[in-house]
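K.L.:
So here's data-v5.cif (mmCIF, C-alpha atoms).
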```
data_final
loop_
_atom_site.label_atom_id
_atom_site.label_comp_id
_atom_site.auth_asym_id
_atom_site.auth_seq_id
_atom_site.Cartn_x
_atom_site.Cartn_y
_atom_site.Cartn_z
CA MET A 103 10.44 -12.65 20.69
CA HIS A 104 13.85 -12.87 19.06
CA PRO A 105 16.81 -13.02 21.52
CA PHE A 106 18.29 -9.81 20.05
CA LEU A 107 15.10 -7.85 20.75
CA ARG A 108 14.84 -9.33 24.23
CA GLN A 109 18.43 -8.29 24.94
CA ALA A 110 17.75 -4.77 23.67
CA LEU A 111 14.69 -4.41 25.88
CA MET A 112 16.49 -5.77 28.92
CA LYS A 113 19.25 -3.22 28.35
CA TYR A 114 17.15 -0.14 27.60
CA HIS A 115 13.66 -0.76 29.00
CA GLY A 116 13.64 -3.77 31.33
CA GLU A 117 10.38 -2.65 32.95
CA TYR A 118 8.60 -3.68 29.74
CA PHE A 119 8.61 -7.29 30.95
CA ALA A 120 6.78 -6.33 34.15
CA MET A 121 3.87 -4.84 32.19
CA SER A 122 0.58 -6.65 31.65
CA GLU A 123 -0.35 -7.60 28.09
CA GLU A 124 -2.76 -4.65 27.90
CA GLU A 125 -0.07 -2.26 29.13
CA GLN A 126 2.42 -3.62 26.61
CA THR A 127 -0.07 -3.15 23.79
CA LEU A 128 -0.72 0.47 24.75
CA PHE A 129 2.99 1.15 25.20
CA LYS A 130 3.83 -0.19 21.73
CA LEU A 131 1.37 2.23 20.18
CA GLN A 132 2.77 5.27 21.95
CA ASP A 133 5.61 7.54 20.83
CA HIS A 134 9.06 6.75 22.25
CA ASP A 135 11.45 7.86 19.52
CA GLU A 136 14.58 7.91 21.67
CA LEU A 137 14.00 4.37 22.88
CA ASP A 138 13.12 3.21 19.37
CA GLU A 139 16.42 4.51 18.06
CA LYS A 140 18.43 2.73 20.75
CA ILE A 141 16.66 -0.56 20.09
CA GLU A 142 17.06 -0.23 16.32
CA ILE A 143 20.80 0.45 16.58
CA PHE A 144 21.21 -2.49 18.96
CA ILE A 145 19.47 -4.85 16.50
CA GLU A 146 21.39 -3.46 13.53
CA ASP A 147 24.69 -4.06 15.28
CA LYS A 148 23.69 -7.59 16.24
CA ILE A 149 22.81 -8.60 12.67
CA GLY A 150 25.72 -6.71 11.12
CA MET A 151 23.50 -4.22 9.34
CA PRO A 152 24.62 -0.68 8.44
CA HIS A 153 22.74 2.01 10.34
CA GLY A 154 20.01 3.16 7.97
CA GLU A 155 18.10 0.93 5.56
CA TYR A 156 19.35 2.64 2.39
CA GLU A 157 22.82 1.11 2.77
CA ALA A 158 21.61 -2.32 3.87
CA SER A 159 20.99 -5.38 1.70
CA PRO A 160 17.45 -6.69 1.14
CA GLU A 161 18.34 -9.72 3.27
CA GLN A 162 19.44 -7.50 6.16
CA ILE A 163 16.32 -5.35 5.93
CA LEU A 164 14.10 -8.44 6.06
CA GLU A 165 15.97 -9.80 9.08
CA PHE A 166 15.81 -6.42 10.84
CA ASN A 167 12.05 -6.10 10.27
CA LYS A 168 11.52 -9.66 11.47
CA VAL A 169 13.48 -9.15 14.70
CA LYS A 170 11.92 -5.76 15.46
CA LEU A 171 8.26 -6.53 14.68
CA PRO A 172 7.20 -7.74 18.17
CA TRP A 173 8.31 -4.36 19.50
CA LEU A 174 5.81 -2.61 17.22
CA GLY A 175 3.09 -5.13 16.40
CA ILE A 176 0.23 -6.04 18.72
CA GLY A 177 -1.62 -9.24 19.55
CA PRO A 178 -0.58 -12.89 19.25
CA ASN A 179 0.81 -12.39 15.73
CA SER A 180 2.48 -8.99 16.23
CA PHE A 181 0.21 -7.36 13.67
CA MET A 182 1.22 -3.87 12.57
CA LEU A 183 -0.04 -1.38 9.99
CA ASN A 184 2.69 0.33 7.96
CA GLU A 185 1.03 3.71 8.37
CA TRP A 186 1.71 6.92 10.24
CA GLY A 187 -1.58 6.38 12.06
CA TRP A 188 -0.31 3.28 13.87
CA ASN A 189 -0.80 4.68 17.38
CA GLU A 190 -3.06 4.31 20.40
CA LYS A 191 -5.95 5.93 18.54
CA ILE A 192 -6.55 2.67 16.64
CA LEU A 193 -7.68 1.10 19.92
CA ARG A 194 -10.87 3.17 19.79
CA PHE A 195 -12.11 0.93 16.96
CA LYS A 196 -13.53 -2.38 18.13
CA ASN A 197 -13.21 -3.83 14.62
CA LEU A 198 -12.16 -2.98 11.05
CA TYR A 199 -15.73 -2.03 10.19
CA GLU A 200 -15.59 0.95 12.57
CA ALA A 201 -12.13 1.92 11.30
CA ASN A 202 -13.32 1.70 7.70
CA GLU A 203 -16.42 3.76 8.49
CA HIS A 204 -14.30 6.46 10.13
CA ASN A 205 -11.91 6.58 7.17
CA HIS A 206 -14.77 6.60 4.67
CA ASP A 207 -16.45 9.58 6.34
CA PHE A 208 -13.12 11.42 6.53
CA GLN A 209 -12.29 10.81 2.85
CA GLU A 210 -15.75 11.75 1.58
CA GLN A 211 -15.87 14.94 3.66
CA GLY A 212 -12.40 15.76 2.37
CA MET A 213 -13.70 15.59 -1.20
CA VAL A 214 -16.31 18.21 -0.30
CA ASP A 215 -13.98 20.47 1.70
CA ASP A 216 -10.90 20.31 -0.51
CA PHE A 217 -12.09 19.68 -4.06
CA ASP A 218 -15.79 20.16 -4.80
CA LYS A 219 -18.44 21.59 -2.49
CA ASP A 220 -21.11 20.04 -4.75
CA TYR A 221 -19.55 16.59 -4.55
CA VAL A 222 -22.13 13.88 -3.77
CA LYS A 223 -20.79 11.67 -1.02
CA LYS A 224 -20.68 7.95 -1.80
CA PRO A 225 -22.51 5.50 0.45
CA LEU A 226 -20.31 3.53 2.83
CA TYR A 227 -18.33 0.76 1.14
CA ASN A 228 -15.36 -1.40 2.04
CA ARG A 229 -12.45 0.85 1.15
CA VAL A 230 -9.80 -0.98 3.20
CA SER A 231 -6.47 -0.57 1.44
CA GLU A 232 -3.61 -1.03 3.87
CA TRP A 233 -0.07 -2.36 3.98
CA ALA A 234 0.83 -4.27 7.12
CA ARG A 235 3.13 -6.93 8.53
CA ALA A 236 2.67 -9.84 10.92
CA PHE A 237 3.73 -13.36 11.74
CA VAL A 238 1.55 -15.94 9.96
CA ASP A 239 2.09 -19.53 11.12
CA ASP A 240 5.24 -18.26 12.84
CA GLU A 241 6.65 -16.85 9.58
CA PHE A 242 7.18 -13.14 8.92
CA TYR A 243 5.11 -11.63 6.09
CA TYR A 244 4.40 -8.26 4.53
CA LEU A 245 0.63 -8.04 4.11
CA ASN A 246 -1.63 -6.30 1.61
CA LEU A 247 -5.12 -5.75 3.02
CA PHE A 248 -7.63 -4.99 0.28
CA ASN A 249 -11.28 -5.01 -0.51
CA TYR A 250 -11.58 -7.26 -3.58
CA ALA A 251 -12.50 -4.27 -5.79
CA ILE A 252 -9.29 -2.49 -4.80
CA TRP A 253 -7.27 -5.71 -5.16
CA LEU A 254 -8.50 -6.11 -8.74
CA TYR A 255 -7.86 -2.42 -9.43
CA TYR A 256 -4.25 -2.58 -8.28
CA ASP A 257 -3.71 -5.80 -10.21
CA ALA A 258 -4.89 -4.10 -13.42
CA ASP A 259 -2.75 -1.07 -12.59
CA GLU A 260 0.35 -3.28 -12.48
CA LEU A 261 -0.60 -4.76 -15.84
CA MET A 262 -0.94 -1.25 -17.26
CA PHE A 263 2.63 -0.35 -16.34
CA LYS A 264 3.90 -3.64 -17.73
CA TRP A 265 2.00 -3.05 -20.98
CA LEU A 266 3.39 0.48 -21.31
CA ASP A 267 6.93 -0.76 -20.66
CA GLU A 268 6.59 -3.37 -23.40
CA ASN A 269 4.75 -1.33 -26.01
CA LEU A 270 5.74 2.29 -25.38
CA PRO A 271 9.02 2.35 -23.41
CA TYR A 272 9.39 5.60 -21.54
CA ASP A 273 11.23 7.54 -18.89
CA TYR A 274 10.83 10.82 -17.05
CA VAL A 275 13.50 13.45 -17.63
CA PRO A 276 14.10 16.78 -15.87
CA GLY A 277 11.76 19.56 -17.02
CA LYS A 278 12.63 23.24 -17.31
CA ASP A 279 11.82 23.98 -13.65
CA ASP A 280 13.18 20.76 -12.12
CA GLY A 281 15.38 21.49 -9.12
CA LYS A 282 14.35 25.13 -8.92
CA LYS A 283 14.46 26.44 -5.35
CA VAL A 284 11.16 27.80 -4.06
CA LYS A 285 9.65 28.57 -0.69
CA GLY A 286 9.22 25.30 1.17
CA GLY A 287 11.72 23.26 -0.80
CA THR A 288 12.54 22.37 -4.39
CA LEU A 289 10.31 22.01 -7.44
CA TRP A 290 9.90 18.50 -8.83
CA ASP A 291 9.30 18.93 -12.56
CA LYS A 292 9.61 15.89 -14.85
CA ASP A 293 8.71 15.51 -18.52
CA LEU A 294 7.61 12.31 -20.19
CA ASP A 295 10.10 10.93 -22.73
CA ALA A 296 8.63 8.13 -24.84
CA GLY A 297 10.98 8.47 -27.80
CA GLY A 298 8.67 10.72 -29.81
CA LYS A 299 5.52 8.76 -28.94
CA GLU A 300 4.41 10.86 -25.99
CA GLY A 301 0.93 11.35 -27.45
CA TRP A 302 0.30 7.64 -27.77
CA HIS A 303 1.72 7.02 -24.30
CA LYS A 304 -0.48 9.61 -22.61
CA HIS A 305 -3.57 8.45 -24.47
CA MET A 306 -3.01 4.80 -23.53
CA SER A 307 -2.27 5.71 -19.92
CA ASP A 308 -5.49 7.75 -19.71
CA TYR A 309 -7.45 5.00 -21.45
CA ALA A 310 -6.13 2.36 -19.04
CA HIS A 311 -6.99 4.44 -15.98
CA GLU A 312 -10.50 5.06 -17.27
CA TRP A 313 -10.98 1.33 -17.95
CA THR A 314 -9.85 0.30 -14.48
CA SER A 315 -11.82 3.09 -12.78
CA ASP A 316 -15.04 2.12 -14.57
CA HIS A 317 -14.71 -1.49 -13.40
CA PHE A 318 -13.82 -0.36 -9.88
CA ASP A 319 -16.93 1.83 -9.67
CA VAL A 320 -19.06 -1.24 -10.43
CA ASP A 321 -17.15 -3.60 -8.12
CA ILE A 322 -17.48 -1.41 -5.02
CA THR A 323 -21.26 -1.52 -5.29
CA GLU A 324 -21.30 -5.32 -5.10
CA ASN A 325 -20.48 -7.79 -2.33
CA ARG A 326 -20.21 -10.69 -4.72
CA PHE A 327 -17.68 -12.72 -2.73
CA GLY A 328 -19.63 -12.94 0.51
CA ASN A 329 -18.56 -12.51 4.12
CA TYR A 330 -15.22 -14.23 3.68
CA VAL A 331 -11.53 -13.36 3.70
CA TYR A 332 -9.38 -14.74 0.90
CA THR A 333 -5.65 -15.27 1.36
CA VAL A 334 -3.72 -14.93 -1.89
CA ASP A 335 0.00 -15.56 -2.37
CA HIS A 336 2.02 -12.75 -3.88
CA GLU A 337 3.40 -13.73 -7.29
CA THR A 338 7.12 -13.33 -6.67
CA ASP A 339 10.21 -15.48 -6.29
CA ASP A 340 11.95 -12.82 -4.19
CA LEU A 341 12.73 -14.50 -0.87
CA THR A 342 13.39 -11.08 0.70
CA ASP A 343 9.77 -10.03 0.02
CA PRO A 344 7.53 -12.62 1.72
CA CYS A 345 4.09 -11.24 0.96
CA LEU A 346 0.45 -12.25 1.35
CA ALA A 347 -2.74 -10.50 0.30
CA TYR A 348 -5.80 -10.60 2.54
CA VAL A 349 -8.77 -9.86 0.27
CA PHE A 350 -12.15 -9.01 1.84
CA GLY A 351 -15.23 -10.26 0.05
CA SER A 352 -17.68 -7.76 1.49
CA LEU A 353 -18.22 -4.76 3.74
CA GLU A 354 -19.99 -6.74 6.45
CA VAL A 355 -17.09 -9.16 6.98
CA LEU A 356 -15.15 -6.30 8.60
CA HIS A 357 -17.43 -6.54 11.66
CA ASP A 358 -15.64 -9.75 12.69
CA ILE A 359 -12.02 -8.66 12.23
CA THR A 360 -9.88 -6.78 14.75
CA TYR A 361 -6.42 -5.27 14.49
CA TYR A 362 -5.34 -7.00 17.71
CA ASP A 363 -6.10 -10.52 16.48
CA PHE A 364 -6.18 -9.88 12.75
CA ILE A 365 -4.58 -13.14 11.56
CA ASN A 366 -6.70 -15.46 13.70
CA ASP A 367 -9.89 -13.50 12.97
CA CYS A 368 -9.25 -13.85 9.24
CA LYS A 369 -8.52 -17.58 9.54
CA LYS A 370 -11.99 -18.09 11.01
CA LEU A 371 -13.49 -16.39 7.95
CA GLU A 372 -11.23 -17.87 5.30
CA GLY A 373 -12.86 -18.69 1.97
CA ASP A 374 -11.77 -20.65 -1.10
CA PRO A 375 -10.14 -18.09 -3.43
CA THR A 376 -10.76 -20.12 -6.62
CA GLU A 377 -13.64 -17.95 -7.89
CA LEU A 378 -11.77 -14.76 -7.03
CA LEU A 379 -8.66 -15.91 -8.91
CA GLU A 380 -10.81 -16.93 -11.89
CA LEU A 381 -12.27 -13.40 -12.03
CA GLN A 382 -8.75 -11.98 -11.80
CA ALA A 383 -7.66 -14.08 -14.79
CA ILE A 384 -10.71 -13.01 -16.81
CA ARG A 385 -10.11 -9.33 -15.99
CA ARG A 386 -6.46 -9.59 -16.99
CA THR A 387 -7.39 -11.04 -20.36
CA GLU A 388 -10.14 -8.47 -20.94
CA PHE A 389 -7.79 -5.62 -20.02
CA GLN A 390 -4.99 -6.90 -22.25
CA VAL A 391 -7.38 -7.25 -25.21
CA ALA A 392 -8.85 -3.78 -24.59
CA LEU A 393 -5.39 -2.18 -24.48
CA ASP A 394 -4.21 -3.94 -27.63
CA GLU A 395 -7.37 -3.01 -29.56
CA GLU A 396 -7.23 0.63 -28.49
CA PHE A 397 -3.54 0.84 -29.39
CA ARG A 398 -4.20 -0.54 -32.87
CA ARG A 399 -6.95 2.02 -33.29
CA ILE A 400 -4.98 5.11 -32.31
CA LYS A 401 -1.97 4.13 -34.37
CA LYS A 402 -4.22 4.59 -37.39
CA THR A 403 -5.90 7.80 -36.27
CA MET A 404 -3.50 10.04 -34.29
CA PRO A 405 0.10 11.25 -34.57
CA PRO A 406 2.35 9.51 -32.02
CA GLU A 407 3.86 12.72 -30.69
CA LYS A 408 0.74 14.85 -30.25
CA VAL A 409 -0.13 15.44 -26.61
CA GLU A 410 -3.25 17.37 -25.66
CA GLU A 411 -2.39 20.04 -23.13
CA ASP A 412 -3.86 19.60 -19.67
CA THR A 413 -6.22 22.40 -18.72
CA LYS A 414 -4.79 22.41 -15.20
CA LYS A 415 -1.15 22.40 -14.20
CA PHE A 416 0.01 21.29 -10.80
CA GLY A 417 3.42 22.03 -9.32
CA VAL A 418 5.04 19.64 -6.88
CA THR A 419 7.30 21.05 -4.18
CA VAL A 420 9.55 18.59 -2.37
CA ALA A 421 10.78 19.52 1.09
CA ASP A 422 14.56 19.65 1.41
CA GLY A 423 15.94 16.23 2.38
CA ALA A 424 12.65 14.39 1.73
CA LEU A 425 14.15 12.29 -1.06
CA ASP A 426 17.55 11.68 0.49
CA GLY A 427 18.62 8.09 -0.01
CA LEU A 428 16.22 7.45 -2.88
CA GLU A 429 17.53 6.73 -6.34
#
```
Go ahead and express the file in the form of structure tokens.
P.N.:
Amino acid sequence: MHPFLRQALMKYHGEYFAMSEEEQTLFKLQDHDELDEKIEIFIEDKIGMPHGEYEASPEQILEFNKVKLPWLGIGPNSFMLNEWGWNEKILRFKNLYEANEHNHDFQEQGMVDDFDKDYVKKPLYNRVSEWARAFVDDEFYYLNLFNYAIWLYYDADELMFKWLDENLPYDYVPGKDDGKKVKGGTLWDKDLDAGGKEGWHKHMSDYAHEWTSDHFDVDITENRFGNYVYTVDHETDDLTDPCLAYVFGSLEVLHDITYYDFINDCKKLEGDPTELLELQAIRRTEFQVALDEEFRRIKKTMPPEKVEEDTKKFGVTVADGALDGLE
């Protein structure tokens, strides 16, 4: 525990140090907003950080998250999910398999209840897709926790945006109803501006999503990388974004991983990521070739500006203040 966090706890909640490890774990997962605010302000003042992340530098935000993590994270590595559901309810799951099963059932039932009563529920698969943080070998990291199918999907998704930026530069500009006040907040209405090539842009975006979705639908039916966990470095030189991906090779491997001891559990199951990285490289090449070929084709067959109208229109209402601080 960092000295600044220890000092904050001694000042505002000294009884924390008299708790057993089990009591501390439960306490961390409970709501104590007033205490949280006091501790956060104390740490911010100690590291010279403005109150509120939006005015802080990336270096200050990293330092703040590093100091504060043992107050929120559980177990020997202070593991923490970056989700609203990070509360005492997660203790009901003895491993990630049970948590994944619960989430799967919830998501599939939601498809029936909210979208299509005739929807055929998918069999259970590893759908873990979480953002987390923890200390790994005593160093602070932001973690991406993904089934390998989802990891490959997101990797292709990033390539799609890069390809669009390079080949069909675009922006989103205010639409006719943007900023209009309605019940519940303000309408968010943006139009695509691709310099007169909106038709090509939409077609390529739809094509890319279909390509990645088709491959994902195949990948989730396979457990081709066995009951292992693969640790993959994030490809960035940004020292303020220390990041690791934990990629799960199968559904069954989740039986042996807990939230409480996530890092050590994964180390026991660690596999050589060479084959996984080779598949990633192959997929990247295949995707790039597919995008380039499709783009060459449509440039010969469709006007760049023609956009087929969507049959369904969806309005987005943003609650007042929800986007404050965002650029």
K.L.:
Interatomic distance between CA of Pro105 in chain A and CA of Met182 in chain A?
P.N.:
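These atoms are spaced 20.2 Å apart.
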K.L.:
Of the candidates A:Val222, A:Cys368, A:Leu289, A:Ala383, which one gets nearest to Glu210 in chain A if we count all atoms listed in the file?
P.N.:
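Distance minimum relative to Glu210 in chain A lands on A:Val222.
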K.L.:
Using all atoms listed in the file, find the one residue out of A:Asp374, A:Glu123, A:Asp394, A:Glu312 that sits nearest to Leu270 in chain A.
P.N.:
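Result for the nearest residue to Leu270 in chain A: A:Asp394.
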K.L.:
A:Glu377, A:Lys292, A:Leu254, A:His303: which is nearest Asp267 in chain A, counting all atoms listed in the file?
P.N.:
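Of the candidates, the smallest distance to Asp267 in chain A is held by A:His303.
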K.L.:
Could you tell me which of A:Gln109, A:Ser122, A:Thr127, A:Asn269 comes closest to Glu142 in chain A if we count all atoms listed in the file?
P.N.:
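Among the listed residues, A:Gln109 lies closest to Glu142 in chain A.
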K.L.:
Please expand the PyMOL selection byres ((chain A and resi 194-209) around 12) into the concrete residues it hits in this file, giving the result as an MDAnalysis selection string.
P.N.:
chainID A and resid 128 187 189:193 210:217 221 223:232 247:249 350 352:364 367:368
K.L.:
To one decimal in Å, tell me the separation between CA of Val238 in chain A and CA of Asp138 in chain A.
P.N.:
24.3 Å
K.L.:
In Å, how far is it from CA of Leu183 in chain A to CA of Gln132 in chain A?
P.N.:
14.0 Å
K.L.:
Would you translate the PyMOL selection byres ((chain A and resi 331) around 9) into the concrete set of residues it matches in this file, as a ChimeraX atom specification?
P.N.:
/A:327-330,332-333,348-352,355,368-375
K.L.:
Name the closest residue to Tyr250 in chain A among the candidates A:Leu379, A:Val169, A:Met404, A:Leu393; distances are taken between atoms, counting only C-alpha atoms.
P.N.:
A:Leu379
K.L.:
Can you work out which one of A:Leu245, A:Leu261, A:Leu341, A:Ile322 has the shortest atom-to-atom distance to Ile163 in chain A, counting only C-alpha atoms?
P.N.:
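Using only C-alpha atoms, the shortest distance to Ile163 in chain A belongs to A:Leu341.
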K.L.:
Would you kindly return, as a list in words, each protein, DNA or RNA residue with an atom no farther than 12 Å from any atom of Asp147 in chain A, considering all atoms listed in the file and excluding same-chain residues fewer than 2 positions away?
P.N.:
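Residues meeting the cut-off are Phe106, Leu107, Ala110, Lys140, Ile141, Glu142, Ile143, Phe144, Ile145, Ile149, Gly150, Met151, Pro152, His153, Gly154, Ala158, Gln162 and Phe166 of chain A.
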K.L.:
Hey, what comes out of the PyMOL selection byres ((chain A and resi 396) around 12) on this file? Could you write it as a PDB file with C-alpha atoms, in the coordinates of the input?
P.N.:
```
ATOM      1  CA  TRP A 302       0.300   7.640 -27.770  1.00  0.00           C
ATOM      2  CA  HIS A 303       1.720   7.020 -24.300  1.00  0.00           C
ATOM      3  CA  HIS A 305      -3.570   8.450 -24.470  1.00  0.00           C
ATOM      4  CA  MET A 306      -3.010   4.800 -23.530  1.00  0.00           C
ATOM      5  CA  SER A 307      -2.270   5.710 -19.920  1.00  0.00           C
ATOM      6  CA  ASP A 308      -5.490   7.750 -19.710  1.00  0.00           C
ATOM      7  CA  TYR A 309      -7.450   5.000 -21.450  1.00  0.00           C
ATOM      8  CA  ALA A 310      -6.130   2.360 -19.040  1.00  0.00           C
ATOM      9  CA  TRP A 313     -10.980   1.330 -17.950  1.00  0.00           C
ATOM     10  CA  PHE A 389      -7.790  -5.620 -20.020  1.00  0.00           C
ATOM     11  CA  GLN A 390      -4.990  -6.900 -22.250  1.00  0.00           C
ATOM     12  CA  VAL A 391      -7.380  -7.250 -25.210  1.00  0.00           C
ATOM     13  CA  ALA A 392      -8.850  -3.780 -24.590  1.00  0.00           C
ATOM     14  CA  LEU A 393      -5.390  -2.180 -24.480  1.00  0.00           C
ATOM     15  CA  ASP A 394      -4.210  -3.940 -27.630  1.00  0.00           C
ATOM     16  CA  GLU A 395      -7.370  -3.010 -29.560  1.00  0.00           C
ATOM     17  CA  PHE A 397      -3.540   0.840 -29.390  1.00  0.00           C
ATOM     18  CA  ARG A 398      -4.200  -0.540 -32.870  1.00  0.00           C
ATOM     19  CA  ARG A 399      -6.950   2.020 -33.290  1.00  0.00           C
ATOM     20  CA  ILE A 400      -4.980   5.110 -32.310  1.00  0.00           C
ATOM     21  CA  LYS A 401      -1.970   4.130 -34.370  1.00  0.00           C
ATOM     22  CA  LYS A 402      -4.220   4.590 -37.390  1.00  0.00           C
ATOM     23  CA  THR A 403      -5.900   7.800 -36.270  1.00  0.00           C
ATOM     24  CA  MET A 404      -3.500  10.040 -34.290  1.00  0.00           C
TER      25      MET A 404
END
```
K.L.:
So that I can check the surroundings of Trp173 in chain A, please list as an mmCIF file with C-alpha atoms, keeping the file's coordinate frame every protein, DNA and RNA residue that reaches within 9 Å of it, counting all atoms listed in the file and ignoring chain neighbours fewer than 2 positions away.
P.N.:
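Generated file (result_36.cif):
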```cif
data_model
loop_
_atom_site.group_PDB
_atom_site.id
_atom_site.type_symbol
_atom_site.label_atom_id
_atom_site.label_comp_id
_atom_site.auth_asym_id
_atom_site.auth_seq_id
_atom_site.Cartn_x
_atom_site.Cartn_y
_atom_site.Cartn_z
ATOM 1 C CA MET A 103 10.440 -12.650 20.690
ATOM 2 C CA LEU A 107 15.100 -7.850 20.750
ATOM 3 C CA LYS A 130 3.830 -0.190 21.730
ATOM 4 C CA ASP A 138 13.120 3.210 19.370
ATOM 5 C CA VAL A 169 13.480 -9.150 14.700
ATOM 6 C CA LYS A 170 11.920 -5.760 15.460
ATOM 7 C CA LEU A 171 8.260 -6.530 14.680
ATOM 8 C CA GLY A 175 3.090 -5.130 16.400
ATOM 9 C CA ILE A 176 0.230 -6.040 18.720
ATOM 10 C CA SER A 180 2.480 -8.990 16.230
#
```
